[in-house]
Each structure stands twice: as structure tokens, then as C-alpha cells.
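To start, the structure itself, in C-alpha cells.
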Number of protein chains: 4
Amino acid sequence: MFFASDNGAGATPAVLNALIKANDGYRAAYGNDDETREVENLISALFEKQCYVFLVSTGTAANALALSALTPPWGAVLAHKHAHIVEDECGAPEFYMHGARLIPIDGVAGKLTASGVEQAISSYSPRVPHAMPLKAISLTQSTETGGVYSVKEVTEICAIAKNAGLYTHMDGARFGNAIAALGCSPADLTWRAGVDVLSFGATKGGALACEAVVFFNEALAEDFIYRRKRGGHLISKHRLLTAQMKGYLEDWLVNAKHANDMATMMAKGLQDKGIKIAYPVEANEVFPVLNGKQDAALKAAGASYYPWGDKESLVKPQDDKNIFRLVTSFATKREEVEAFLRHT
Amino acid sequence: MFFASDNGAGATPAVLNALIKANDGYRAAYGNDDETREVENLISALFEKQCYVFLVSTGTAANALALSALTPPWGAVLAHKHAHIVEDECGAPEFYMHGARLIPIDGVAGKLTASGVEQAISSYSPRVPHAMPLKAISLTQSTETGGVYSVKEVTEICAIAKNAGLYTHMDGARFGNAIAALGCSPADLTWRAGVDVLSFGATKGGALACEAVVFFNEALAEDFIYRRKRGGHLISKHRLLTAQMKGYLEDWLVNAKHANDMATMMAKGLQDKGIKIAYPVEANEVFPVLNGKQDAALKAAGASYYPWGDKESLVKPQDDKNIFRLVTSFATKREEVEAFLRHT
Amino acid sequence: MFFASDNGAGATPAVLNALIKANDGYRAAYGNDDETREVENLISALFEKQCYVFLVSTGTAANALALSALTPPWGAVLAHKHAHIVEDECGAPEFYMHGARLIPIDGVAGKLTASGVEQAISSYSPRVPHAMPLKAISLTQSTETGGVYSVKEVTEICAIAKNAGLYTHMDGARFGNAIAALGCSPADLTWRAGVDVLSFGATKGGALACEAVVFFNEALAEDFIYRRKRGGHLISKHRLLTAQMKGYLEDWLVNAKHANDMATMMAKGLQDKGIKIAYPVEANEVFPVLNGKQDAALKAAGASYYPWGDKESLVKPQDDKNIFRLVTSFATKREEVEAFLRHT
Amino acid sequence: MFFASDNGAGATPAVLNALIKANDGYRAAYGNDDETREVENLISALFEKQCYVFLVSTGTAANALALSALTPPWGAVLAHKHAHIVEDECGAPEFYMHGARLIPIDGVAGKLTASGVEQAISSYSPRVPHAMPLKAISLTQSTETGGVYSVKEVTEICAIAKNAGLYTHMDGARFGNAIAALGCSPADLTWRAGVDVLSFGATKGGALACEAVVFFNEALAEDFIYRRKRGGHLISKHRLLTAQMKGYLEDWLVNAKHANDMATMMAKGLQDKGIKIAYPVEANEVFPVLNGKQDAALKAAGASYYPWGDKESLVKPQDDKNIFRLVTSFATKREEVEAFLRHT
């Protein structure tokens, strides 16, 4: 009953096999090899467009490096106040952006809204040179609270951003879960909707440590080889990353759908027992409101999960109730969900 | 005949097996797991001292992060003018040190000398607050040109540094080759000699992407968890790194000795043919002076290696001769060396 | 009728005379002169304590440099969401802090409250190493909206901060106005209340360009000579700053009281005419709510002032009314206030 | 007998009078005033070209800010190894450039040579993305050792730089001394020769604290308002700087010529006494080689000056002789020189 994180399992069989297969033989170091070109082509094909692809080993690196390409050090980047880049990356974005600012804004149930973004932009006073000029916005897809932006929502927010001269970054640490949930094409959810650069995460979806920074805009990618190298994120034995990405792409949507299904099954089972869920369950996370007794029983039974603060939740816990986070992954077994429900 | 780099092969069998073995099951993310403690203990045992160990995925990250713990942004760090941190890391040290300066100094045949370091320090004018104060020195062991500092040499340089109030960093991307060459204990070559922090490389020696930043001084390590995280270098599925390090340590010295032996065999074979070697061959690199015909014949036969500029070499190439770099590794086969020699 | 800013006038006669007087003769450069020691002693005497004093030429430099001494690059600093450091310094704090974060928090009518600070701290989740650790808080005295923290308020907030391990910075660009308003001693309002470092502004109060960063804590000041120099803020002909500070201190409180009095007179006059004031008038700023006709008439009559957004104002303007900012200074003439009132 | 620095005197009468005159009345803050436009026009007229002019209060700020506009954080800037930006600014360039590197290169007697620059560029290996790409070069005019680049020399070096894709910065802290020495037009010595941005110093030449960053290339100046503000270098009461620059430009060349003449007189007098001078005396600095007895006698007589290391000097001091630096300025009196010579 491991629901603590989608970082808790290892690699999928496809990823592990790809790694094993790629281990033999010599390769030019630092990505100057055929597999790297192959992965770039795979991702470009997936997104139906020539993409500029850079592999790195962590989501924090992907996000921080991507953002650094969108703003000068004196710029500002809008993001949901509970975004991973705001709350969970220890200032990596500010480090890589050389001091540019993340401006936290409110959303609804963990998602930015078009009107909220519009309000944040229109109320921001660009007093040159006193205020930091707005340069970009970052969306998380799927969100930290298990929500998914529709293509229409992404398109609307990107349009507002573009209209104000802002670039759009998408933190896709759980991009596969969003695609699996929406059933749309990766292109429709990104560059066709107006996204300029995507952190395309594979780690949570089944790789060990592999994320692609995918630029849809060549000019923004121009300096990225330098940015990545000076961040210490150019892996010399680059096959480590290319193999993972190749393995990941073999069955990423099957795995993402499984994770989503497990979350849906969990949510339904909990609701059937009268337990409230704090956010819409649209991807691979479920945030049940449990009382102390339920929590204790689950912990006693060996369930692993973390408490979650009240972050724009739709339910306000009372008495001895609290919101908890359950995350499913490719590795989640139906039996784990059933066991969890049994102990609730 | 791959002699382009010790980054060109994949993982050793031990490393790959460790990865496969570690892939199963759930683990707490971000290094909050038993294997991480186990690796810390392994390394502490290896160095006969409680060490403060942080795993990252690249040597550049290890070096830049380590150096950032030794100097404030206005400080200066002495290093050999051809050190990897000076020539090959695209300013990663300056990035992580927030603008502190690397001061390149001369050595002999690619190695710093005690007298050279002493001279660099004594001639540096510390006009407060106009000059950047010296804060650290970095040694590379083994060096970029295949040399190895003896325990005595390290000890002398560290003593001079310490006497001037400087910390000592050792870039040990090829630390295993140095230990294999010297036959000394890791402790004697590091903290007992005065080294404060070591970039303990496993990648070149047989891992896929794994380096340990090893602090021998607890106070210097205090903030490192933050430094690593905000650099985007905290791997969530941390088993990727712990497994590699465990696998690496199983036979690191056997592998390093093999690489060194292949280099020695190569050097001897070349010298037997009257070819000059530009630097002493003490670890896993050989720098022959080849003429255009020899170079062309080797390339035609499929040998892979890079040209090397004249960097404090003991031989000054003339006519159409140039210095080239040959690097051996755990993966180098005796037959490759023989074939190379045959085609020379 | 100049009420646009307290940066709009030149220097007071005392400051100008001090400059003229100091112009003659040779001095050691970079503050290695007797006047610099004299100013340090003057300020230490003023604060009844050995202070560590560093003169710079702008308030932004004073604030950003001071904050950089309170937090590592991965730390976070609490500040009112409308503080000058948040809204008006183009990211200078983040630049000098190397990416540390300003966390904007709510106050009441532009002032932080003890309960608000307590809430901000207690609700901040210090998940090591994912969240940026809280390291400091910054108060503005007097505030951007003309409010003044009492000694008790400062003391309470500093105690909460200290209890949580945070340092306290005070942005005293208008410190003189606060002292003149409260009639307390500078010591009581700063270090005795728990403040660690003060940006002691002279510019707005009557200098041309002179601010002192005043540390009450020696350890925090240790590296400041380097910080100031590498920021380009060590003035070579240092007499420019020492003379201003000496001239300023001759009659700073007389001048501050005059500015405050002019604001009080203005506020009273406006209220007598039924005009609402958006914030308590405690120092040298008045924020009247004017309708379009009033605004137009004043502009036509030559009054100079800026519109002000609704920032925690106590009055919510309706219809065609808006909040405007009037700032008085040492240079404000009674006749200017009278003229302004006449045209309202 | 003050020869310690050209930062040791106050302002010229013209500068002081301009300050006094500018003190009256209200002005829009932050340079949004007529005098600022006037100074921009004055400087554009002086350089016979539309210039993009930004005033700051220190030479270090001017240099560091200017350089930050010429290189990304991963770039490298060539400079003479004894340049002020290398030796005397405590890493301000690296701070403002966010970690870009200064690459110190050799010159002859303190001046870069075209062949030396060509060699430095051609021997620099641009291994993407491992080496930091060369982005700019910085010349000091006149140099730290009192030399002056001819128009031809500047033109040659700029051409080499441009040909390699590098921008050229000129550190003109003593630009007036160079113009006075050469008798050429400011345009010929800067943009017509290929200079992209000039730190146009007024402080050493007679202001109190005023330097102009003068861009000849509009695109490079685009973001400078933000750079200056976030460095804390936008002076609110901007008249402090405009008045100084206006006063300075009234008689800058007269003053510079006087300083140069005093140096020439000093050098001639010393040479007449058989004292060797370590560098050609072309501007306002003289570097005599004095023995211990001479030094002691001068100090006893009240002369103020500093020792100088052996930095590419044409004379190698022997026995108890050392090189010392004498700097003359607008304020240097003929009697001071005579007295100095008398005591030698």
C-alpha cells in the first residue's frame, strides 16, 4: 500500500530493458551519439513538430533550466502559489534565473484560471524600471493536486499570456497522466495551445531519472546547451538518459492510464464509504479527508502516504479530519488499492 | 579501438547488476532510504572516517557544488590552468559559487607543484576589499594529463593552502586510477593529507552517472542538502545513484588497475616504436606525439581518439607532429591496445 | 505644489554646506579617512551602541546589501506584499541575495501585524530541502503608506521572528519620519526592539544620495566590506557620503518633523473638506481619495502627485474616485499645502 | 605632496558650482528630468553620435554593469591581467555578469597588444558546450600603468575582437587623460575605432562620484535601465549625477591636461636625477624606481604614494629598489611636484 509518491517505484520493465540493452559498446560522450538524435526525432514525431530537446536527470533541473530561458534575471514569472516550482524546488528556479522572481497567484482547487491570470497580469503595474517586468507564466499539467487543464483552458491561458508578451512554460512532470486523462494529442495540449517550452517528465511515469526539456520555439533553445552544461546537467554517458526515454515512450500512455485508473478506483471506493475527496480526481492523485481513526488504522495496516495542507481544497476539513495525499503510479497494484479501501 | 574518453563505455557488470537488483520495490524518495545510509557508511568505511556524502549525477555538478561550499561569492579559488573546472565545465563553478573566481596557475606537466602554489599565494595581494580573497585550492587527482600526485605532494600543497587559510578540494573524477596507481589508502590521499572535500567520481571508472561529494569536514557540509537541491541535483529515485555506487565499489580498484595497465601497455608499446609520450603515464591516459601519417593510418583503421593541445607537455611536437590523447577504461580490451599499436 | 515624492527636492542647506566644506583638501580614498570614522562614531552615539556602519548612495543598495547579509541564496525573507523591496527595487534584493526569495505577506493598511507574521511563519512548511528555509523578515519604518510601527509593534514582531530563528531588517528610508512621529530614541526603535540591521536613509530626509547600512550585530557585518565593494557601492571619494551624513544629522529630526507636520496639516485640511484619507497619516504621506474633477483641478493648478493603487487601504474608492499619494518633505512649504487645499 | 591617487581630491570648482546651482527646486526623480536629457545630449554631441547614456556613481559599477550587457553568464571576457576589473573590483564584474569569466591576458608594459589579443583568441578552444565562449574584450584607457592606446592600437584590437565576434568595452576611468594626451576626438578613440561601450569616468578627473556608461550600440543598451536599477545604481535625486557631469564637461580636458602635465614634469624631474621610470609616462601616472633611502626621505617629508608591484614593468628593480606609483590629478599643484623632486 505505497501511495506516498510516484517517485517511490523504480523503472518500468521497458525502461530497465532499454537501459540494459543500451549498456553495451562505446558511444561518443555528452549526447554526440545516434541515440540522442533518435530520441530527438521520437519526441519531435510525438509532438508533430521539430522540437529542440534536452535531456536532464531531474524535474527540478528541467523546470529551472527551462524557465531561465524565458526571462532575464530582472523578470518575473507567474505561477500557481502551490506550484512545484514555488513550493518544492528550494529556489532552483531563482538560482537558474539568476534572481528573477516567481510571482505566486491564486487558482481554484490548485489550477490557474484564465480570469485569475488575466487579473494578475492586468493588476501588475509595470513601472519601468522599478517593477520587475512580467516575462512568463508556468502551468503544471497535471497539477500538484491531481487536476488536469483541458486543451481549451491551456489555450485560453496561453493566449492571455502571449497577448501580454509572456512566454508559457508547462511543468509536465506528470504530462503523461494529463494526456492519458484527456485523450488528446501532445501537440494539441502544448504548442498548438500556445506553450513555448515543456518539462516533459518521464521519471514519475516510469523512468528512473529522465526528463526532457522540449522547446517548440527554436530561438528560446539557442543557448540551452550552455545553460544545461553549466548547471552540471549534461550527462557524459548520455545513453543513461536516451535509453530511459526510449523505454519510457514504449508504453508511457498505458502506464499513465493505469496510474489514473488506480486513482479513479481509489476515489470511487473512498467516496462509496462516505469519505470526501478534496480535489477533483482527474489524474493519478487522490486527496481524501480522513479522520484520525481512519488514518491510524491505515498506517497500522502499512499504508504509506503523506498529510497535505489545505491548499485551495474544495473541502474544508473539520474536527479531527485532515486532507491526505495518495499518489498512484505505473507500479500501483489493484490489490494495493483494494487493501487500502478495506482498511478505511 | 576506442580511446576517445573514459566516458565512452557503459556501466560495468557490477554496476548494471546493482541497478537491476535495486529496481524492485518501493523506496522513500530523495535519499530518505536505507540504501543511502548504507552508501554513506560504505564510503565512510572506505575513508576510515565519518564522511558527509552526497550523490549527484555528474562530475561537473560534484565539483561546482563542492567548490561553492568553500568560498563566498567574492572569494577566489586556485586551480591548475588546465584543470577540468577551468577548461571544461562551461563556468559551472562560477555559476554555483555565484561569481567567485577561479585563478588559473601554472604547474609542471599538468600538475601543480608546492612551490608553484606557494608562489601563487605569496604573490597574491590581498588588498581588502579590492582584491578577491583567496579561499580555496582545487587539485585534480589523477590529473587531466594522466599524472598522479603522491601522498607527499598532496600533503605539501594542502599544508601550504591551510597555512594561508585556504580549503582544499580534490577533483577525483579519476580518483580510482590514482589510488590504483599509488596503492595507498583513500584516507592517506585525502583527509589525512589535508583535503577537505573530494569529488569522488564513479562514472569514468565504471558507473553510468554517479559521483559522490565527500566532505571530511562536517561544518562545510552543513548547507549542502540545500545547495544540491537548488542545483536540481537531488535525484528523486535515489536508488539510481546508490545502486551505482554500491556496484562501483565492488570492484572499482580492479577496474581502475585494468585501465591503468592498459595505458601502461599502450605507452610501452608506443615508446618501443620510437614514439614520444608527452606526459608521464601514471594513470589511464597516454599522450603520444604522432605525425600526420600515423594519425591518418590509425583513424583509417578505426581508432577513436582526440587531438590535444600543448598544455605543459614535456615534449614539444615539431614538423607535422601533434600530441593526441588516448584514454583507457575498465572496458578497454587488450586487443584494442594491440590493434592500436599494430597500426602505429 | 510638489507632492510627487520626497526625492524631488535637493539637499538641505546643512547637507549642502557640509558638502562644500568637505570638498577641500586630500583624503585617503575608499573611506580610509577620519571623517568616515567620525560618521561611524556619530551613528554609534545616536544609537547608543557600537554600530557597524557602511555608507552607500541609494536606498535600494542599502536594502539589498543588508538583506544579502541575512540569508543564504536558498533562504526566504518575509516582507509586506507592498514593501519597497518587493514592489520598487526591480529585483535588487534577489540579485544581491543570489536568488533568495522575498515572500510577500499581508498586513493591515500597509503594516505587518504580529499576528500576521506569526501566521506566515507557522503556516510555512519547512520541508528540508524542498522548501526555502525562512531566514529573515523586513519591516519598513515608516511604511510605504505613511504608517509608523510603534516600539511595541516592532518589538513584538522581532520577538516572533527571533523565536523562529529569523533576523530582522528594517528599511528605514523614512526612519527619521518615524522617529519624529514617535519621539522615541533610535535605539528603542531598533536594536533594543530586536532589529539586527537598519537601512538608515538620509536621502529622502534631506541628503542628495546617502544611506547608511547600520548593523547592530557585528557577526552579520563581517563580510560587508566585500559585499559593498563587489556591488560597486564603495564610493572612492568617500567624503561625498560622509559629508552628507554629517550635514543630515545636524537637523534631521527638525526636518522630519516639518515633513510630518506638513502631512498632518494636509490631511486635516482635506478631511475638513470631506475628503477621505485612505491610510492613517502618521508620517509624511497622505493618501486622499479624490474624484476626477478634484484631480483635474489640482493638476490644472500645477500640483504634482501620483495615483496610488488600492493597497490594503482602509477606504475603498467608488465611482470615479481614486486614491492618490501626496508626499511631503523637508522642502515642502506651508504655502504649497495651503495652495493644494485651496484647489481641492 | 599627495600622489596616492586621483581619488584623493574633492570636486573641481566647476563641478562643485554645478552641484550648488542644481540643488534648488523640485525635479522628477530617477532621471526623468530635463537635466538628464541635457546630459545625454551633451555626451552625444561630444561623441558626434546618438549615445545611450546611463549615469552611475562609481567606476566599478560602470564597468561591471557595462560588461554585463556584453556577455551571457556563461561567456568569457578578455582583459589585461592587471586591469582594474581583474585586480581591483572584488569580483564586481563576475557578480554583475552572473558568473561570466574574466580571462586575464598578458600585454606589454601594462597594455594589451594586437598580437597578444590575436594569440589569446586563436589559442582559445571553443569546445561547445565545455568551454565558456569568448564574448567581449575590455581595454583600459588610459591604462593602470599610465599608458595610452593610440587610435590605431584601439582600432586594431577592436577589429580583431569584432572579427572573432567579440564586443569591445573600454574602461575609461581616465578617459580624459587619454584624450588630453592624444589630442584626438572622443569619437575617433571609441566608436569609430570599434568600441561598443565606454565607461566614461568623471570622478578621477574632477567629479565627486560620477561615471557615465556610454553605449554606442543601441541594442546593447536595451535592458540597461533594469540592470542599473537592480544593481541599486539608479540615483533617485538624479541631479547629483547630472550636475557633476555638466560641471565636469565644462573643463575636463583642461583638467586632464594639467594632470598629464604634472606627471610629465614629475617624470622629467626624476629622470634628471637619474631615477628610472618603470613605464612610459603618457597620462597622469609616474612609476619611479626608488631605493629605500629615497622612499624614506619622501615619506618623512610628507609625500603620500603607494608601492607598486612589478607588473610588466620595463625596469626590473634590484637591490633595495622598488617601483612606486605617483598619480597626479586636476588638483595637483606644481609646488607639490617641485617639493617631491626636491626631496628625492
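Scheme for the C-alpha cells: letters A, B, ... for chains in order shown; per-chain residue numbers from 1; ligand numbers from 1 in order shown.
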
> So which residues touch B:Leu46 within 9 Å, counting only C-alpha atoms, skipping near sequence neighbours fewer than 5 positions away, as a list of chain:residue names?
Replying inline: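 Using only C-alpha atoms, the neighbours found are B:Asn41, B:Ser185, B:Pro186, B:Ala187.
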
> If you count only C-alpha atoms, which residues fall within 6 Å of stretch 305-307 of chain B, apart from same-chain ones fewer than 5 positions away, as a PyMOL selection string?
Replying inline: chain B and resi 3-4+324-326

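Near chain D, within 6 Å and using only C-alpha atoms, the residues of chain B are Trp74, Glu87, Asp88, Glu89, Cys90, Gly91, Glu94, Phe95, Gly99, His130, Ala131 and Met132 of chain B.
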
Could you take the residues named above and write them with all heavy atoms, as a JSON list (two decimals), in the first residue's frame?
```
[["chain", "number", "residue", "atom", "x", "y", "z"],
["B", 74, "TRP", "N", 32.56, 36.28, -3.32],
["B", 74, "TRP", "CA", 33.63, 37.23, -3.61],
["B", 74, "TRP", "C", 35.02, 36.61, -3.41],
["B", 74, "TRP", "O", 36.02, 37.33, -3.48],
["B", 74, "TRP", "CB", 33.49, 38.48, -2.76],
["B", 74, "TRP", "CG", 33.32, 38.17, -1.31],
["B", 74, "TRP", "CD1", 34.31, 37.92, -0.40],
["B", 74, "TRP", "CD2", 32.09, 38.00, -0.61],
["B", 74, "TRP", "NE1", 33.76, 37.60, 0.82],
["B", 74, "TRP", "CE2", 32.40, 37.66, 0.72],
["B", 74, "TRP", "CE3", 30.75, 38.10, -0.98],
["B", 74, "TRP", "CZ2", 31.42, 37.42, 1.68],
["B", 74, "TRP", "CZ3", 29.77, 37.87, -0.03],
["B", 74, "TRP", "CH2", 30.11, 37.54, 1.28],
["B", 87, "GLU", "N", 38.69, 24.55, -17.65],
["B", 87, "GLU", "CA", 38.58, 24.46, -19.11],
["B", 87, "GLU", "C", 37.35, 23.73, -19.64],
["B", 87, "GLU", "O", 37.01, 23.89, -20.80],
["B", 87, "GLU", "CB", 39.82, 23.75, -19.66],
["B", 87, "GLU", "CG", 41.10, 24.54, -19.48],
["B", 87, "GLU", "CD", 42.16, 24.18, -20.51],
["B", 87, "GLU", "OE1", 42.19, 23.01, -20.93],
["B", 87, "GLU", "OE2", 42.93, 25.09, -20.88],
["B", 88, "ASP", "N", 36.71, 22.93, -18.81],
["B", 88, "ASP", "CA", 35.73, 22.01, -19.39],
["B", 88, "ASP", "C", 34.35, 22.03, -18.76],
["B", 88, "ASP", "O", 33.54, 21.16, -19.05],
["B", 88, "ASP", "CB", 36.29, 20.58, -19.29],
["B", 88, "ASP", "CG", 37.53, 20.40, -20.12],
["B", 88, "ASP", "OD1", 37.41, 20.38, -21.35],
["B", 88, "ASP", "OD2", 38.63, 20.31, -19.54],
["B", 89, "GLU", "N", 34.09, 23.00, -17.92],
["B", 89, "GLU", "CA", 32.80, 22.94, -17.22],
["B", 89, "GLU", "C", 31.93, 24.16, -17.50],
["B", 89, "GLU", "O", 30.96, 24.43, -16.80],
["B", 89, "GLU", "CB", 33.02, 22.70, -15.72],
["B", 89, "GLU", "CG", 33.79, 21.38, -15.49],
["B", 89, "GLU", "CD", 33.92, 20.94, -14.06],
["B", 89, "GLU", "OE1", 33.59, 21.71, -13.15],
["B", 89, "GLU", "OE2", 34.39, 19.79, -13.85],
["B", 90, "CYS", "N", 32.26, 24.87, -18.52],
["B", 90, "CYS", "CA", 31.43, 25.97, -19.03],
["B", 90, "CYS", "C", 31.01, 26.97, -17.95],
["B", 90, "CYS", "O", 29.90, 27.51, -17.97],
["B", 90, "CYS", "CB", 30.18, 25.41, -19.71],
["B", 90, "CYS", "SG", 29.40, 26.62, -20.81],
["B", 91, "GLY", "N", 31.90, 27.15, -16.99],
["B", 91, "GLY", "CA", 31.56, 28.13, -15.96],
["B", 91, "GLY", "C", 30.66, 27.61, -14.87],
["B", 91, "GLY", "O", 30.15, 28.39, -14.06],
["B", 94, "GLU", "N", 31.78, 28.89, -11.44],
["B", 94, "GLU", "CA", 31.41, 30.28, -11.21],
["B", 94, "GLU", "C", 29.89, 30.41, -10.97],
["B", 94, "GLU", "O", 29.45, 31.24, -10.18],
["B", 94, "GLU", "CB", 31.81, 31.15, -12.40],
["B", 94, "GLU", "CG", 33.31, 31.41, -12.50],
["B", 94, "GLU", "CD", 34.02, 30.41, -13.38],
["B", 94, "GLU", "OE1", 33.53, 29.28, -13.57],
["B", 94, "GLU", "OE2", 35.11, 30.77, -13.89],
["B", 95, "PHE", "N", 29.12, 29.62, -11.68],
["B", 95, "PHE", "CA", 27.67, 29.66, -11.50],
["B", 95, "PHE", "C", 27.31, 29.25, -10.07],
["B", 95, "PHE", "O", 26.60, 29.97, -9.36],
["B", 95, "PHE", "CB", 27.03, 28.72, -12.53],
["B", 95, "PHE", "CG", 25.54, 28.57, -12.42],
["B", 95, "PHE", "CD1", 24.72, 29.66, -12.18],
["B", 95, "PHE", "CD2", 24.94, 27.32, -12.61],
["B", 95, "PHE", "CE1", 23.33, 29.51, -12.10],
["B", 95, "PHE", "CE2", 23.57, 27.16, -12.53],
["B", 95, "PHE", "CZ", 22.76, 28.26, -12.27],
["B", 99, "GLY", "N", 29.80, 33.58, -8.75],
["B", 99, "GLY", "CA", 30.72, 34.60, -9.26],
["B", 99, "GLY", "C", 32.09, 34.60, -8.63],
["B", 99, "GLY", "O", 32.94, 35.40, -9.02],
["B", 130, "HIS", "N", 39.49, 45.32, -2.24],
["B", 130, "HIS", "CA", 39.59, 45.45, -3.69],
["B", 130, "HIS", "C", 39.88, 44.12, -4.38],
["B", 130, "HIS", "O", 39.33, 43.83, -5.44],
["B", 130, "HIS", "CB", 40.66, 46.49, -4.03],
["B", 130, "HIS", "CG", 40.40, 47.80, -3.37],
["B", 130, "HIS", "ND1", 39.44, 48.67, -3.81],
["B", 130, "HIS", "CD2", 40.91, 48.36, -2.24],
["B", 130, "HIS", "CE1", 39.39, 49.73, -3.02],
["B", 130, "HIS", "NE2", 40.27, 49.56, -2.05],
["B", 131, "ALA", "N", 40.76, 43.33, -3.79],
["B", 131, "ALA", "CA", 41.07, 42.02, -4.37],
["B", 131, "ALA", "C", 40.13, 40.97, -3.79],
["B", 131, "ALA", "O", 39.68, 41.08, -2.65],
["B", 131, "ALA", "CB", 42.51, 41.65, -4.06],
["B", 132, "MET", "N", 39.83, 39.98, -4.60],
["B", 132, "MET", "CA", 39.01, 38.88, -4.11],
["B", 132, "MET", "C", 39.89, 38.02, -3.21],
["B", 132, "MET", "O", 40.93, 37.53, -3.65],
["B", 132, "MET", "CB", 38.49, 38.06, -5.29],
["B", 132, "MET", "CG", 37.72, 38.90, -6.30],
["B", 132, "MET", "SD", 37.21, 37.97, -7.79],
["B", 132, "MET", "CE", 35.66, 37.27, -7.21]]
```

>> as a ChimeraX atom specification, please: the residues near stretch 217-225 of chain A (cut-off 9 Å, only C-alpha atoms, same-chain neighbours under 6 positions excluded).
In response: /A:50-54,65-66,69-70,191,196-197,234 /D:128-129

>> Please identify the strand (DSSP E) residues within stretch 112-227 of chain C (assignment by DSSP from backbone atoms) and present them as a list in words.
In response: Leu134, Lys135, Ala136, Ile137, Ser138, Leu139, Thr140, Tyr167, Thr168, His169, Met170, Asp171, Gly172, Val197, Leu198, Ser199, Phe200, Gly201, Glu211, Ala212, Val213, Val214 and Phe215 of chain C

> Within 9 Å of stretch 56-63 of chain A, counting only C-alpha atoms, which residues qualify if same-chain residues fewer than 2 places away don't, as number ranges by chain?
Replying inline: A: 54, 65-68, 84-85, 88-89, 92-93, 96, 169-173, 198-203, 208-213, 228, 231, 233-235, 241; B: 57, 229-236

Store the residues of this selection in a file with C-alpha atoms, as a PDB file, in the first residue's frame.
```
ATOM      1  CA  PHE A  54      17.459  18.414 -23.989  1.00  0.00           C
ATOM      2  CA  LEU A  65      16.607  25.491 -16.768  1.00  0.00           C
ATOM      3  CA  ALA A  66      13.532  25.942 -18.944  1.00  0.00           C
ATOM      4  CA  LEU A  67      12.407  28.990 -17.005  1.00  0.00           C
ATOM      5  CA  SER A  68      15.864  30.508 -17.211  1.00  0.00           C
ATOM      6  CA  HIS A  84       6.135  22.684  -7.537  1.00  0.00           C
ATOM      7  CA  ILE A  85       8.472  25.430  -8.735  1.00  0.00           C
ATOM      8  CA  ASP A  88       9.224  22.263  -3.718  1.00  0.00           C
ATOM      9  CA  GLU A  89      12.385  23.199  -5.567  1.00  0.00           C
ATOM     10  CA  ALA A  92      16.198  26.291  -8.067  1.00  0.00           C
ATOM     11  CA  PRO A  93      14.192  28.491 -10.450  1.00  0.00           C
ATOM     12  CA  TYR A  96      18.933  29.318 -12.592  1.00  0.00           C
ATOM     13  CA  HIS A 169       6.182  27.087 -19.665  1.00  0.00           C
ATOM     14  CA  MET A 170       4.448  23.853 -18.843  1.00  0.00           C
ATOM     15  CA  ASP A 171       5.713  21.748 -15.959  1.00  0.00           C
ATOM     16  CA  GLY A 172       4.845  18.314 -17.268  1.00  0.00           C
ATOM     17  CA  ALA A 173       6.331  16.156 -14.548  1.00  0.00           C
ATOM     18  CA  LEU A 198       7.594  21.844 -21.821  1.00  0.00           C
ATOM     19  CA  SER A 199       9.268  19.985 -18.997  1.00  0.00           C
ATOM     20  CA  PHE A 200       8.366  16.550 -20.286  1.00  0.00           C
ATOM     21  CA  GLY A 201       8.718  14.267 -17.333  1.00  0.00           C
ATOM     22  CA  ALA A 202       9.438  10.582 -17.594  1.00  0.00           C
ATOM     23  CA  THR A 203      10.638   9.868 -14.065  1.00  0.00           C
ATOM     24  CA  LEU A 208      14.477   6.282 -13.079  1.00  0.00           C
ATOM     25  CA  ALA A 209      15.704   9.817 -13.644  1.00  0.00           C
ATOM     26  CA  CYS A 210      14.887  11.311 -17.004  1.00  0.00           C
ATOM     27  CA  GLU A 211      13.177  14.489 -18.076  1.00  0.00           C
ATOM     28  CA  ALA A 212      13.206  16.227 -21.423  1.00  0.00           C
ATOM     29  CA  VAL A 213      13.147  19.962 -21.798  1.00  0.00           C
ATOM     30  CA  ARG A 228      22.498  22.749 -19.202  1.00  0.00           C
ATOM     31  CA  GLY A 231      24.188  23.634 -14.412  1.00  0.00           C
ATOM     32  CA  HIS A 233      23.262  18.660 -16.105  1.00  0.00           C
ATOM     33  CA  LEU A 234      24.978  17.368 -19.209  1.00  0.00           C
ATOM     34  CA  ILE A 235      25.328  13.652 -18.525  1.00  0.00           C
ATOM     35  CA  LEU A 241      19.066   9.263 -20.431  1.00  0.00           C
TER      36      LEU A 241
ATOM     37  CA  SER B  57      24.934  12.527 -11.394  1.00  0.00           C
ATOM     38  CA  LYS B 229      18.546  20.545  -4.238  1.00  0.00           C
ATOM     39  CA  ARG B 230      18.540  24.038  -5.690  1.00  0.00           C
ATOM     40  CA  GLY B 231      21.025  22.938  -8.313  1.00  0.00           C
ATOM     41  CA  GLY B 232      18.430  20.383  -9.399  1.00  0.00           C
ATOM     42  CA  HIS B 233      20.789  17.616  -8.390  1.00  0.00           C
ATOM     43  CA  LEU B 234      18.729  15.759  -5.834  1.00  0.00           C
ATOM     44  CA  ILE B 235      17.602  12.639  -7.695  1.00  0.00           C
ATOM     45  CA  SER B 236      14.134  11.598  -6.552  1.00  0.00           C
TER      46      SER B 236
END
```

Fewer than 6 positions away in the same chain doesn't count, so skip those; otherwise give me all residues within 7 Å of A:Ala256, counting only C-alpha atoms, as a PDB file with N, CA, C and O atoms, in the first residue's frame.
```pdb
ATOM      1  N   GLY A 176       2.233  12.798 -18.880  1.00  0.00           N
ATOM      2  CA  GLY A 176       1.606  11.563 -19.366  1.00  0.00           C
ATOM      3  C   GLY A 176       0.245  11.350 -18.739  1.00  0.00           C
ATOM      4  O   GLY A 176      -0.715  10.944 -19.415  1.00  0.00           O
ATOM      5  N   ASN A 177       0.118  11.635 -17.452  1.00  0.00           N
ATOM      6  CA  ASN A 177      -1.171  11.462 -16.793  1.00  0.00           C
ATOM      7  C   ASN A 177      -2.223  12.390 -17.387  1.00  0.00           C
ATOM      8  O   ASN A 177      -3.394  12.024 -17.505  1.00  0.00           O
ATOM      9  N   ALA A 180      -3.117  11.012 -20.871  1.00  0.00           N
ATOM     10  CA  ALA A 180      -3.948   9.818 -20.697  1.00  0.00           C
ATOM     11  C   ALA A 180      -5.357  10.203 -20.261  1.00  0.00           C
ATOM     12  O   ALA A 180      -6.345   9.579 -20.663  1.00  0.00           O
ATOM     13  N   GLY A 205       6.569   8.837 -14.358  1.00  0.00           N
ATOM     14  CA  GLY A 205       5.781   7.923 -15.188  1.00  0.00           C
ATOM     15  C   GLY A 205       6.439   6.578 -15.415  1.00  0.00           C
ATOM     16  O   GLY A 205       5.838   5.705 -16.038  1.00  0.00           O
ATOM     17  N   PHE A 330       2.496   3.786 -12.224  1.00  0.00           N
ATOM     18  CA  PHE A 330       2.502   2.586 -13.070  1.00  0.00           C
ATOM     19  C   PHE A 330       2.635   1.327 -12.225  1.00  0.00           C
ATOM     20  O   PHE A 330       2.200   0.250 -12.619  1.00  0.00           O
TER      21      PHE A 330
END
```

>> If I take atom CA of B:His82 and atom CA of B:Lys311, how far is one from the other in Å, to one decimal?
In response: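 Computed distance, atom CA of B:His82 to atom CA of B:Lys311, equals 7.3 Å.
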